[in-house]
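Novice: The structure is given below, and queries will be raised subsequently.
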Amino acid sequence: MSDAPPHRLPGDPTPAVEIARILRVDHAGEYGATRIYQGQLDVLGHGRARDEIAHMAAQEKRHLAAFDGMVRARRVRPTLLHPLWHVAGYALGAASALMGERAAMACTVAVEEVIDEHYQGQAERLGAVDPALSETIEAFRADELAHRQAAIEHGATEAPGYEVISAVVKTGSRLAIWLSTRL
Ligand SMILES: [Fe+2]
Ligand SMILES: [Fe+2]
């Protein structure tokens, strides 16, 4: 592989614009993740599942703090949809947890699978342009995959209606990514 930046076509965003979009959407996504887990934690009673989610939530806060720092340092405009993700993330977390611990875990599996693809694509695109950011995203991606694995170990795929929960949450997550990249 060469270190040359990938070819740009007329009308493609410049690297600076591309990086700003990446930081905006990732900042929004990590914020959404903290809200999902907050919604779940507020609903779930004490137990093994809750402890696992509290651990995931702590890592999401760390991811969010990192993107928060980068957004400020590089003067990237945060998403205009922040208030929406505040409410929608929390609602998704609370609703999934109201369906039970396994449904809450099914929600995590779906979100993390979308984030995994999303971060993988970004890390590849950034490789030559901003290697440090690419590495950070890869490190966070590893955390997200660990969350997915933990959720599976907590019975996610045995949740009643797993396929439906997965499809709905994935569609919502992809829409949130699409919107936060642009707005
Ligand atoms: Fe995260
Ligand atoms: Fe996560």
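So you can find residues: chains in the structure tokens are A, B, ... in the order shown, residues in each start at 1, and ligands are numbered from 1 in order.
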Which residues sit within 7 Å of ligand 1, counting only C-alpha atoms and all ligand atoms, listed as an MDAnalysis selection string?

Specialist: chainID A and resid 30 33 59:60 63 140 144

Novice: Enumerate residues in contact with ligand 2: an atom-to-atom distance of at most 10 Å, counting only C-alpha atoms and all ligand atoms. Format the result as a ChimeraX atom specification.

Specialist: /A:29-30,33-34,36-37,53,56-61,63,108-109,111-113,115-116,140-148

Novice: Can you pull out the residues contacting Gly69 of chain A? Cut-off 12 Å, using only C-alpha atoms, and skip same-chain residues under 6 positions away; I want them as a CSV table (one decimal) with C-alpha atoms, in the first residue's frame.

Specialist:
chain,number,residue,atom,x,y,z
A,23,LEU,CA,-15.3,14.5,14.3
A,24,ARG,CA,-18.8,15.9,14.2
A,27,HIS,CA,-18.7,13.2,18.8
A,62,ARG,CA,-14.1,8.4,27.9
A,63,HIS,CA,-14.7,8.2,24.1
A,75,ARG,CA,-13.0,24.3,16.1
A,76,VAL,CA,-15.4,21.9,14.5
A,78,PRO,CA,-20.9,20.2,16.8

Novice: As a PyMOL selection string, please: every residue in segment 1-163 of chain A that DSSP puts in alpha helix (DSSP H).

Specialist: chain A and resi 15-43+48-73+82-98+101-126+131-153+162-163

Novice: At a cut-off of 10 Å, using only C-alpha atoms, what residues contact Arg48 of chain A? Leave out same-chain residues fewer than 6 positions from it and give the result as an NGL selection string.

Specialist: :A and (54 or 101 or 154)
